[in-house]
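To start, the structure itself, in structure tokens.
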Amino acid sequence: MTALTSPRTFEWTVTGMDCGSCAGKVRGAVERLPGVDEVEVSLMREKLRLRLEAGTSSPSEVEAAVRAVGFGIGPAGPQAGQGAGQAAGGDCDCHCGCGGSGAAADAGPADRAATPDQEGRSWYRTGRGRFVLATGALLAASWAVGLALPASLAGLPFVLACLIGLAPVARRAWSLARAGMPFTIEMLMTLAATGALVIGAAQEAAMVVFLFAVGELLEAVAADRARAGIRALSALVPRSARIEEADGRVREIAAADLVPGQRMLVRPGDRIPADGTIFEGVSGIDESPVTGESLPVTRGPGDTVRAGSIATEAALRVEVTRAGEDSTIARIVRLVEEAEAARAPTERFIDRFSRYYMPVIVGLAALVAVVPPLAFGQDWGTFIYRALALLLIGCPCALVISVPATIASALSSGARRGLLIKGGAVIETLAKVENIAFDKTGTLTEGRPQVTGIVPLEGRAADEVLRLAGAVETGSSHPLARAILAAAEARGLELPQARGARSLPGRGAEAEVAGASIWVGAPAHAPEGIGTGQEMAAAVAEIEERGGSAVLVVAEGHALGVIGLADAPRADAAEAVAELAGMGLRAVMLTGDNPRAARAIAEPLGLEPRAELLPEDKLAAIAEMADRGGVAMIGDGINDAPALKRAGVGIAMGAGSDVALETADAALLRNRVTDAPAMIRLSRAAMHTIHQNVALALGLKALFLVTSVTGLTGLWMAVLADTGATVLVTANALRLLAFDPRRAARD
């Protein structure tokens with residue numbers, strides 16, 4: 001393949017990565033190539049993404065560089081969310097677990113493409129599994145042959161077993177060293193095993209090679225379990241769909257090929273292949289795959305349904321509103337995968353730490369090997385042996401994988417329960433917040449206000465006031481605007497055409513209707529010069545005293561009438577606020593509504609209300625709270641975008657709305673306020689697990705560094721301890737997959 005003629009971004013699937021150091025090797029191998037920029041390596045997604053500048057390296061050179069350091073690579077799959085084995089990634093000629101057939105280095109993309117039945121295959125069918133079986137058989141054969149040989153020759157079979165098992169490891173260590181990465185576990189392993197052979201510890205050298213193979217296999221199994229959570233999300237996206245042709249025939253096509261306007265047939269028990277609108281049929285819909293809501297909801301003609309949901313009772317005919325690849329569940333999978341690449345500050349620190357840690361360990365091992373014999377006349381063989389054990393225990397794999405495995409588990413656990421968090425940095429910030437700011441309408445309330453009354457002024461008719469207000473609000477997505485439009489429709493009013501309609505954030509809306517300038521909004525933000533007559537003031541006061549919101553309709557500087565609207569708090573709002581208080585968090589409500597309506601909602605919930613806030617006032621309130629500790633803002637993701645962005649963490653309410661999924665740092669897909677404390681609880685649990693893992697990894701390293709230097713533990717125990725630490729921290733991280741933060745609140 002020739003060099004590119006213009007800059008382009010490429011993505012591949014890379015197999016064989018089981019810890020952070022593996023991802024670092026892939027990154028190091030490609031970063032040294034000319035013209036490579038913006039390199040992203042995702043351990044849990046098994047993805048490599050980079051940008052190639054024009055006239056420099058080619059994609060084939062990138063693939064060759066990755067294979068050279070022992071990993072399988074192939075084109076990334078076309079479907080967001082596919083996990084290991086679904087796209088290419090093939091076999092390589094090492095023990096890295098990517099297949100082990102020895103064919104990958106020369107195979108083309110088609111040869112490297114994995115088949116679906118390779119997912120979740122048994123350990124003994126993988127490259128690492130075969131390597132373990134082979135080295136184990138060599139070790140057993142060495143013991144058997146050694147028993148039959150004279151004592152002087154009994155070590156030869158172990159030398160042979162060690163060399164055979166060490167060959168692929170040494171080859172990979174050499175490739176990594178040539179790629180500018182000399183301080184790797186493969187190099188440490190090669191030095192330790194070779195040194196053991198030189199000092200006559202052939203049996204231990206062979207045992208170390210075998211234990212290293214076992215450890216690599218356990219790491220692979222543990223990493224695959226960590227990826228299983230994300231793969232489970234991908235499995236929620238149906239592969240095929242039944243569509244109805246114009247002549248009434250039904251045919252099956254790939255779900256990814258669906259386009260808006262097509263009509264799908266969804267049978268009872270089927271997953272809905274794409275987002276759409278029901279045009280025939282009534283059925284219970286299990287939306288738990290998307291929102292985490294366990295109870296089915298009834299949907300009928302005109303209702304929207306989401307891809308991944310299940311029709312539980314009857315057949316439905318659904319018109320596609322989004323292409324398969326743009327469905328809610330597909331976007332959730334994509335966002336979870338992208339979030340996994342958004343590394344937490346703790347993870348970035350550990351990565352930097354590990355770059356210096358390995359050279360320090362090698363230098364320390366050299367000192368242990370030479371200083372005691374030279375300075376104190378100690379035995380060379382004894383301290384060389386201890387230095388070799390120190391090399392093996394020094395690998396930082398457990399420390400490096402402790403954070404990404406935990407973050408991936410937390411992201412997957414949250415997504416399955418309707419808690420969408422966009423990355424480790426968000427988890428870390430959310431775990432530290434001390435203040436919570438709530439929007440009112442659509443967040444603490446149901447977001448479905450209704451018109452409760454109309455007070456016409458200046459002799460106008462109520463229908464005229466409503467008709468003009470509806471004309472101005474046509475096309476608006478604000479809950480109050482939708483309530484006005486619904487009331488006009490219920491009365492059968494024909495709305496006149498509005499020209500030049502524009503929204504005034506936090507103040508209202510205005511347009512030209514029948515040649516007159518009409519303004520609709522809160523009385524507190526009425527245009528200058530509007531009189532506050534006694535009748536209007538009394539109407540506004542009465543509406544607000546009942547906890548409602550007053551909307552003033554003004555034409556050419558004259559108040560035409562007041563529309564009263566009311567919304568009810570969500571059923572779980574009080575419970576959520578109580579949970580937050582129990583977690584030591586301060587909560588306030590920020591709203592542009594009037595003080596009386598704000599108090600009517602906030603005080604029964606136990607919240608401090610801050611009313612009549614314009615968007616810039618909300619920003620100032622968020623900044624003020626941030627000075628007293630981290631702050632998270634929870635809003636509907638549409639009208640609160642500036643405040644959501646200004647907060648340390650912006651959390652959007654909304655079951656899969658575009659804004660909720662794309663703009664905020666996190667989203668509560670079930671539209672439940674109690675999911676806010678649940679999300680914080682999950683983030684705290686994730687950070688607690690990370691701290692446990694870091695302490696476990698460093699503690700075990702420190703313990704066995706001491707025992708290795710003092711001679712209490714040997715080579716085989718060193719490699720076993722290193723492997724054991726990696727498996728322990730990964731298993732601890734996987735516990736989060738089963739962690740239910742809502743149930744934890746009740747325990």
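A note on labels: chains of the structure tokens are A, B, ... as shown, every chain counts residues from 1, and ligands are counted from 1 in their shown order.
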task = Quick one: everything within 7 Å of range 312-326 of chain A, counting only C-alpha atoms, minus sequence neighbours fewer than 3 positions away in the same chain. Send it as a ChimeraX atom specification.
result = /A:255-269,273-286,330-331
Give me the residues within 9 Å of Ala68 in chain A as an mmCIF file with N, CA, C and O atoms, in the first residue's frame, counting only C-alpha atoms and dropping any in the same chain fewer than 2 places off.
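Written output follows (part26.cif):
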data_model
loop_
_atom_site.group_PDB
_atom_site.id
_atom_site.type_symbol
_atom_site.label_atom_id
_atom_site.label_comp_id
_atom_site.auth_asym_id
_atom_site.auth_seq_id
_atom_site.Cartn_x
_atom_site.Cartn_y
_atom_site.Cartn_z
ATOM 1 N N ALA A 29 4.636 1.178 19.573
ATOM 2 C CA ALA A 29 5.044 0.636 18.280
ATOM 3 C C ALA A 29 4.637 1.534 17.125
ATOM 4 O O ALA A 29 5.355 1.642 16.126
ATOM 5 N N GLU A 63 0.027 -1.669 10.484
ATOM 6 C CA GLU A 63 -0.312 -3.050 10.807
ATOM 7 C C GLU A 63 0.949 -3.889 11.021
ATOM 8 O O GLU A 63 1.015 -4.710 11.937
ATOM 9 N N ALA A 64 1.962 -3.673 10.180
ATOM 10 C CA ALA A 64 3.206 -4.427 10.325
ATOM 11 C C ALA A 64 3.890 -4.111 11.651
ATOM 12 O O ALA A 64 4.445 -5.004 12.312
ATOM 13 N N ALA A 65 3.847 -2.837 12.068
ATOM 14 C CA ALA A 65 4.476 -2.443 13.330
ATOM 15 C C ALA A 65 3.786 -3.102 14.517
ATOM 16 O O ALA A 65 4.436 -3.527 15.474
ATOM 17 N N VAL A 66 2.461 -3.207 14.467
ATOM 18 C CA VAL A 66 1.722 -3.833 15.562
ATOM 19 C C VAL A 66 2.004 -5.334 15.607
ATOM 20 O O VAL A 66 2.223 -5.916 16.670
ATOM 21 N N GLY A 70 3.984 -8.421 18.424
ATOM 22 C CA GLY A 70 3.302 -9.607 18.928
ATOM 23 C C GLY A 70 1.809 -9.540 19.080
ATOM 24 O O GLY A 70 1.237 -10.374 19.788
ATOM 25 N N PHE A 71 1.141 -8.600 18.429
ATOM 26 C CA PHE A 71 -0.308 -8.500 18.561
ATOM 27 C C PHE A 71 -0.985 -8.715 17.210
ATOM 28 O O PHE A 71 -0.416 -8.409 16.161
ATOM 29 N N ALA A 105 1.125 -12.995 10.737
ATOM 30 C CA ALA A 105 2.090 -12.059 10.181
ATOM 31 C C ALA A 105 1.981 -11.951 8.678
ATOM 32 O O ALA A 105 2.257 -10.919 8.094
ATOM 33 N N ARG A 172 9.606 -11.974 21.095
ATOM 34 C CA ARG A 172 8.770 -10.790 21.276
ATOM 35 C C ARG A 172 9.522 -9.700 22.039
ATOM 36 O O ARG A 172 9.384 -8.515 21.731
ATOM 37 N N SER A 175 11.689 -7.941 19.580
ATOM 38 C CA SER A 175 10.901 -7.058 18.712
ATOM 39 C C SER A 175 10.526 -5.773 19.437
ATOM 40 O O SER A 175 10.582 -4.677 18.866
ATOM 41 N N LEU A 176 10.139 -5.896 20.701
ATOM 42 C CA LEU A 176 9.772 -4.712 21.486
ATOM 43 C C LEU A 176 10.981 -3.820 21.726
ATOM 44 O O LEU A 176 10.876 -2.585 21.682
ATOM 45 N N ALA A 179 11.683 -1.846 18.814
ATOM 46 C CA ALA A 179 10.673 -0.791 18.664
ATOM 47 C C ALA A 179 10.843 0.315 19.694
ATOM 48 O O ALA A 179 9.983 1.181 19.823
#
Please, which residues in range 171-252 of chain A fall within 10 Å of range 142-165 of chain A when counting only C-alpha atoms, and what is the closest atom pair and distance in Å to one decimal for each, ordered by chain then residue number, as a Markdown table?
| residue | atom | partner | partner_atom | distance |
| --- | --- | --- | --- | --- |
| A:Thr190 | CA | A:Leu163 | CA | 9.9 |
| A:Ala193 | CA | A:Cys162 | CA | 7.6 |
| A:Thr194 | CA | A:Leu163 | CA | 8.5 |
| A:Ala196 | CA | A:Val159 | CA | 10.0 |
| A:Leu197 | CA | A:Val159 | CA | 7.0 |
| A:Gly200 | CA | A:Gly155 | CA | 8.5 |
| A:Ala201 | CA | A:Gly155 | CA | 8.6 |
| A:Ala202 | CA | A:Val159 | CA | 5.4 |
| A:Gln203 | CA | A:Phe158 | CA | 5.5 |
| A:Glu204 | CA | A:Phe158 | CA | 8.6 |
| A:Ala205 | CA | A:Cys162 | CA | 6.2 |
| A:Ala206 | CA | A:Cys162 | CA | 4.3 |
| A:Met207 | CA | A:Cys162 | CA | 7.9 |
| A:Val208 | CA | A:Cys162 | CA | 8.5 |
| A:Val209 | CA | A:Gly165 | CA | 6.3 |
| A:Phe210 | CA | A:Gly165 | CA | 7.6 |
| A:Phe212 | CA | A:Gly165 | CA | 9.9 |
| A:Ala213 | CA | A:Gly165 | CA | 8.7 |
Residues from the last selection, N, CA, C and O atoms, saved as a compact mmCIF listing (two decimals), in the first residue's frame:
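Wrote result_18.txt, looks like this:
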# COMPACT_ATOMS: atom_id res chain seq x y z
N THR A 190 12.79 -12.89 29.89
CA THR A 190 13.90 -13.48 29.14
C THR A 190 15.20 -13.41 29.93
O THR A 190 15.95 -14.39 30.01
N ALA A 193 14.93 -15.92 33.06
CA ALA A 193 15.03 -17.33 32.70
C ALA A 193 16.42 -17.68 32.18
O ALA A 193 17.00 -18.72 32.53
N THR A 194 16.98 -16.80 31.34
CA THR A 194 18.33 -17.04 30.82
C THR A 194 19.35 -17.02 31.94
O THR A 194 20.25 -17.87 32.00
N ALA A 196 18.81 -17.71 35.06
CA ALA A 196 18.64 -18.92 35.86
C ALA A 196 19.34 -20.11 35.21
O ALA A 196 19.94 -20.95 35.90
N LEU A 197 19.28 -20.22 33.89
CA LEU A 197 19.99 -21.29 33.19
C LEU A 197 21.50 -21.15 33.37
O LEU A 197 22.21 -22.15 33.58
N GLY A 200 22.71 -22.37 36.64
CA GLY A 200 22.44 -23.78 36.90
C GLY A 200 21.09 -24.08 37.50
O GLY A 200 20.85 -25.21 37.94
N ALA A 201 20.17 -23.12 37.54
CA ALA A 201 18.83 -23.37 38.10
C ALA A 201 17.86 -23.71 36.97
O ALA A 201 16.85 -23.02 36.75
N ALA A 202 18.15 -24.80 36.23
CA ALA A 202 17.36 -25.15 35.05
C ALA A 202 15.93 -25.52 35.41
O ALA A 202 14.98 -25.17 34.70
N GLN A 203 15.76 -26.27 36.50
CA GLN A 203 14.40 -26.67 36.88
C GLN A 203 13.54 -25.44 37.20
O GLN A 203 12.38 -25.35 36.79
N GLU A 204 14.12 -24.51 37.95
CA GLU A 204 13.36 -23.31 38.28
C GLU A 204 13.10 -22.46 37.04
O GLU A 204 12.03 -21.86 36.89
N ALA A 205 14.07 -22.41 36.13
CA ALA A 205 13.88 -21.64 34.90
C ALA A 205 12.71 -22.20 34.10
O ALA A 205 11.86 -21.45 33.60
N ALA A 206 12.63 -23.53 33.97
CA ALA A 206 11.53 -24.15 33.24
C ALA A 206 10.20 -23.91 33.95
O ALA A 206 9.17 -23.65 33.30
N MET A 207 10.20 -23.99 35.28
CA MET A 207 8.98 -23.74 36.04
C MET A 207 8.52 -22.30 35.88
O MET A 207 7.31 -22.02 35.75
N VAL A 208 9.46 -21.36 35.86
CA VAL A 208 9.11 -19.95 35.70
C VAL A 208 8.46 -19.71 34.34
O VAL A 208 7.47 -18.97 34.23
N VAL A 209 9.00 -20.33 33.29
CA VAL A 209 8.42 -20.18 31.96
C VAL A 209 6.98 -20.70 31.94
O VAL A 209 6.08 -20.08 31.38
N PHE A 210 6.76 -21.83 32.60
CA PHE A 210 5.41 -22.40 32.65
C PHE A 210 4.46 -21.50 33.44
O PHE A 210 3.34 -21.22 33.01
N PHE A 212 4.73 -18.36 33.97
CA PHE A 212 4.51 -17.14 33.20
C PHE A 212 3.40 -17.37 32.16
O PHE A 212 2.53 -16.52 31.98
N ALA A 213 3.44 -18.53 31.53
CA ALA A 213 2.39 -18.86 30.55
C ALA A 213 1.03 -18.95 31.23
O ALA A 213 0.02 -18.46 30.70
**Which of range 671-722 of chain A DSSP labels alpha helix (DSSP H), written as a PyMOL selection string** = chain A and resi 675-710+715-722
task = Report as number ranges by chain: the residues of range 290-427 of chain A with a DSSP assignment of strand (DSSP E), based on the backbone of this structure.
result = A: 297-299, 304-305, 310-311, 316-320, 419-421
(message) Can you pull out the residues contacting Ala481 in chain A? Cut-off 12 Å, using only C-alpha atoms, and skip same-chain residues under 4 positions away; I want them as a list in words.
(response) Gly447, Arg448, Pro449, Gln450, Val451, Leu466, Ala469, Gly470, Ala471, Val472, Glu473, Thr474, Gly475, Ser476, Ser477, Leu485, Ala486, Ala487, Ala488, Ser503, Gly508, Ala509, Val520, Gly521, Val551, Ile563 and Leu565 of chain A
Minimum-distance residue to Asp572 in chain A, chosen among A:Gly492, A:Pro301, A:Pro677, A:Gly381 (using only C-alpha atoms) =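 Comparing A:Gly492, A:Pro301, A:Pro677, A:Gly381 against Asp572 in chain A, the winner is A:Pro677.
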| said: Which residues are near Tyr124 in chain A? Cut-off 10 Å, only C-alpha atoms, ignore same chain within fewer than 6 positions. Put them as a list in words. | reply: Arg130, Phe131, Val132, Leu133 and Leu217 of chain A
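Excluding Thr674 in chain A itself and any same-chain residue fewer than 6 positions from it, the protein and nucleic acid residues within 10 Å of it, counting only C-alpha atoms, are A:Ala571, A:Asp572, A:Ala573, A:Ala574, A:Glu575, A:Ala576, A:Val577, A:Ala578, A:Glu579, A:Leu580, A:Leu668, A:Arg742, A:Ala745.
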So which residues touch Val400 in chain A within 12 Å, counting only C-alpha atoms, skipping near sequence neighbours fewer than 2 positions away, as a PDB file with N, CA and C atoms, in the first residue's frame?
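Final output, saved to out_12.pdb:
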ATOM      1  N   ASP A  18      -4.113  -7.465  27.125  1.00  0.00           N
ATOM      2  CA  ASP A  18      -4.755  -7.902  28.355  1.00  0.00           C
ATOM      3  C   ASP A  18      -4.503  -6.985  29.538  1.00  0.00           C
ATOM      4  N   CYS A  19      -3.655  -5.997  29.381  1.00  0.00           N
ATOM      5  CA  CYS A  19      -3.415  -5.071  30.487  1.00  0.00           C
ATOM      6  C   CYS A  19      -2.943  -3.747  29.908  1.00  0.00           C
ATOM      7  N   GLY A  20      -2.771  -2.758  30.782  1.00  0.00           N
ATOM      8  CA  GLY A  20      -2.375  -1.450  30.324  1.00  0.00           C
ATOM      9  C   GLY A  20      -1.017  -1.443  29.647  1.00  0.00           C
ATOM     10  N   SER A  21      -0.095  -2.317  30.093  1.00  0.00           N
ATOM     11  CA  SER A  21       1.218  -2.346  29.462  1.00  0.00           C
ATOM     12  C   SER A  21       1.118  -2.855  28.030  1.00  0.00           C
ATOM     13  N   CYS A  22       0.161  -3.763  27.763  1.00  0.00           N
ATOM     14  CA  CYS A  22      -0.051  -4.236  26.390  1.00  0.00           C
ATOM     15  C   CYS A  22      -0.474  -3.071  25.501  1.00  0.00           C
ATOM     16  N   ALA A  23      -1.436  -2.281  25.999  1.00  0.00           N
ATOM     17  CA  ALA A  23      -1.873  -1.118  25.231  1.00  0.00           C
ATOM     18  C   ALA A  23      -0.721  -0.148  25.017  1.00  0.00           C
ATOM     19  N   GLY A  24       0.144  -0.008  26.028  1.00  0.00           N
ATOM     20  CA  GLY A  24       1.304   0.859  25.893  1.00  0.00           C
ATOM     21  C   GLY A  24       2.276   0.371  24.831  1.00  0.00           C
ATOM     22  N   LEU A  43      -7.946  -0.416  25.562  1.00  0.00           N
ATOM     23  CA  LEU A  43      -7.708  -1.783  26.025  1.00  0.00           C
ATOM     24  C   LEU A  43      -8.984  -2.608  26.021  1.00  0.00           C
ATOM     25  N   THR A 346      -6.413   9.520  37.613  1.00  0.00           N
ATOM     26  CA  THR A 346      -5.649   8.491  38.326  1.00  0.00           C
ATOM     27  C   THR A 346      -4.972   7.541  37.352  1.00  0.00           C
ATOM     28  N   GLU A 347      -5.690   7.161  36.294  1.00  0.00           N
ATOM     29  CA  GLU A 347      -5.123   6.248  35.308  1.00  0.00           C
ATOM     30  C   GLU A 347      -3.952   6.896  34.581  1.00  0.00           C
ATOM     31  N   ARG A 348      -4.092   8.169  34.215  1.00  0.00           N
ATOM     32  CA  ARG A 348      -2.997   8.855  33.530  1.00  0.00           C
ATOM     33  C   ARG A 348      -1.766   8.959  34.424  1.00  0.00           C
ATOM     34  N   PHE A 349      -1.989   9.195  35.722  1.00  0.00           N
ATOM     35  CA  PHE A 349      -0.864   9.269  36.657  1.00  0.00           C
ATOM     36  C   PHE A 349      -0.149   7.926  36.751  1.00  0.00           C
ATOM     37  N   ILE A 350      -0.914   6.838  36.833  1.00  0.00           N
ATOM     38  CA  ILE A 350      -0.305   5.517  36.941  1.00  0.00           C
ATOM     39  C   ILE A 350       0.480   5.178  35.681  1.00  0.00           C
ATOM     40  N   ASP A 351      -0.037   5.565  34.525  1.00  0.00           N
ATOM     41  CA  ASP A 351       0.694   5.334  33.274  1.00  0.00           C
ATOM     42  C   ASP A 351       2.038   6.053  33.296  1.00  0.00           C
ATOM     43  N   ARG A 352       2.032   7.301  33.751  1.00  0.00           N
ATOM     44  CA  ARG A 352       3.296   8.049  33.823  1.00  0.00           C
ATOM     45  C   ARG A 352       4.238   7.408  34.834  1.00  0.00           C
ATOM     46  N   PHE A 353       3.672   6.978  35.954  1.00  0.00           N
ATOM     47  CA  PHE A 353       4.477   6.353  36.998  1.00  0.00           C
ATOM     48  C   PHE A 353       5.162   5.082  36.486  1.00  0.00           C
ATOM     49  N   SER A 354       4.414   4.270  35.716  1.00  0.00           N
ATOM     50  CA  SER A 354       4.952   2.980  35.262  1.00  0.00           C
ATOM     51  C   SER A 354       6.100   3.159  34.277  1.00  0.00           C
ATOM     52  N   ARG A 355       6.135   4.290  33.569  1.00  0.00           N
ATOM     53  CA  ARG A 355       7.230   4.518  32.619  1.00  0.00           C
ATOM     54  C   ARG A 355       8.574   4.621  33.334  1.00  0.00           C
ATOM     55  N   TYR A 357       8.965   3.427  36.557  1.00  0.00           N
ATOM     56  CA  TYR A 357       9.051   2.324  37.522  1.00  0.00           C
ATOM     57  C   TYR A 357       9.902   1.176  36.981  1.00  0.00           C
ATOM     58  N   MET A 358       9.668   0.782  35.714  1.00  0.00           N
ATOM     59  CA  MET A 358      10.377  -0.370  35.160  1.00  0.00           C
ATOM     60  C   MET A 358      11.893  -0.145  35.091  1.00  0.00           C
ATOM     61  N   CYS A 395       7.337  -6.339  37.502  1.00  0.00           N
ATOM     62  CA  CYS A 395       6.419  -5.973  36.425  1.00  0.00           C
ATOM     63  C   CYS A 395       5.211  -5.220  36.984  1.00  0.00           C
ATOM     64  N   PRO A 396       4.820  -4.064  36.388  1.00  0.00           N
ATOM     65  CA  PRO A 396       3.715  -3.263  36.927  1.00  0.00           C
ATOM     66  C   PRO A 396       2.344  -3.603  36.346  1.00  0.00           C
ATOM     67  N   CYS A 397       2.178  -4.794  35.755  1.00  0.00           N
ATOM     68  CA  CYS A 397       0.912  -5.109  35.075  1.00  0.00           C
ATOM     69  C   CYS A 397      -0.298  -4.918  35.987  1.00  0.00           C
ATOM     70  N   ALA A 398      -0.212  -5.435  37.218  1.00  0.00           N
ATOM     71  CA  ALA A 398      -1.356  -5.349  38.131  1.00  0.00           C
ATOM     72  C   ALA A 398      -1.722  -3.900  38.405  1.00  0.00           C
ATOM     73  N   SER A 402      -5.283  -1.951  37.001  1.00  0.00           N
ATOM     74  CA  SER A 402      -6.219  -1.776  38.114  1.00  0.00           C
ATOM     75  C   SER A 402      -7.280  -0.718  37.822  1.00  0.00           C
ATOM     76  N   VAL A 403      -6.914   0.370  37.127  1.00  0.00           N
ATOM     77  CA  VAL A 403      -7.871   1.453  36.866  1.00  0.00           C
ATOM     78  C   VAL A 403      -8.760   1.174  35.654  1.00  0.00           C
ATOM     79  N   PRO A 404      -8.200   0.856  34.459  1.00  0.00           N
ATOM     80  CA  PRO A 404      -9.091   0.661  33.300  1.00  0.00           C
ATOM     81  C   PRO A 404     -10.082  -0.483  33.466  1.00  0.00           C
ATOM     82  N   ALA A 405      -9.683  -1.560  34.146  1.00  0.00           N
ATOM     83  CA  ALA A 405     -10.620  -2.667  34.360  1.00  0.00           C
ATOM     84  C   ALA A 405     -11.777  -2.222  35.251  1.00  0.00           C
ATOM     85  N   THR A 406     -11.481  -1.421  36.267  1.00  0.00           N
ATOM     86  CA  THR A 406     -12.525  -0.933  37.166  1.00  0.00           C
ATOM     87  C   THR A 406     -13.458   0.039  36.446  1.00  0.00           C
ATOM     88  N   ILE A 690     -10.906   1.231  42.889  1.00  0.00           N
ATOM     89  CA  ILE A 690      -9.607   1.635  42.338  1.00  0.00           C
ATOM     90  C   ILE A 690      -8.574   1.781  43.451  1.00  0.00           C
ATOM     91  N   ASN A 693      -7.531  -1.589  44.602  1.00  0.00           N
ATOM     92  CA  ASN A 693      -6.668  -2.257  43.639  1.00  0.00           C
ATOM     93  C   ASN A 693      -5.249  -1.696  43.649  1.00  0.00           C
ATOM     94  N   VAL A 694      -5.141  -0.373  43.717  1.00  0.00           N
ATOM     95  CA  VAL A 694      -3.811   0.239  43.757  1.00  0.00           C
ATOM     96  C   VAL A 694      -3.070  -0.195  45.019  1.00  0.00           C
ATOM     97  N   ALA A 697      -2.083  -3.910  44.591  1.00  0.00           N
ATOM     98  CA  ALA A 697      -0.975  -4.100  43.650  1.00  0.00           C
ATOM     99  C   ALA A 697       0.346  -3.626  44.257  1.00  0.00           C
ATOM    100  N   LEU A 698       0.350  -2.414  44.833  1.00  0.00           N
ATOM    101  CA  LEU A 698       1.579  -1.890  45.410  1.00  0.00           C
ATOM    102  C   LEU A 698       1.994  -2.665  46.652  1.00  0.00           C
ATOM    103  N   ALA A 725      -1.313 -10.997  41.547  1.00  0.00           N
ATOM    104  CA  ALA A 725      -1.743  -9.620  41.789  1.00  0.00           C
ATOM    105  C   ALA A 725      -2.604  -9.114  40.636  1.00  0.00           C
ATOM    106  N   THR A 726      -2.194  -9.430  39.411  1.00  0.00           N
ATOM    107  CA  THR A 726      -2.967  -8.988  38.249  1.00  0.00           C
ATOM    108  C   THR A 726      -4.357  -9.591  38.243  1.00  0.00           C
ATOM    109  N   VAL A 729      -6.612  -8.010  41.152  1.00  0.00           N
ATOM    110  CA  VAL A 729      -7.162  -6.667  40.929  1.00  0.00           C
ATOM    111  C   VAL A 729      -8.229  -6.699  39.831  1.00  0.00           C
ATOM    112  N   THR A 730      -8.037  -7.566  38.830  1.00  0.00           N
ATOM    113  CA  THR A 730      -9.052  -7.659  37.774  1.00  0.00           C
ATOM    114  C   THR A 730     -10.339  -8.258  38.323  1.00  0.00           C
TER     115      THR A 730
END
### Query
Restricting the calculation to only C-alpha atoms, which member of A:Gln692, A:Ser122, A:Asn435, A:Ser240 is positioned closest to Ile680 in chain A?
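Comparing A:Gln692, A:Ser122, A:Asn435, A:Ser240 against Ile680 in chain A, the winner is A:Asn435.
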Quiz prompt | Counting only C-alpha atoms, the option among A:Asn671, A:Ser549, A:Thr429, A:Gln534 closest to Val649 in chain A | solution =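 For Val649 in chain A, the nearest of the candidates is A:Thr429.
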Correct to one decimal, the distance CA of Lys440 in chain A-CA of Ala744 in chain A is 26.7 Å
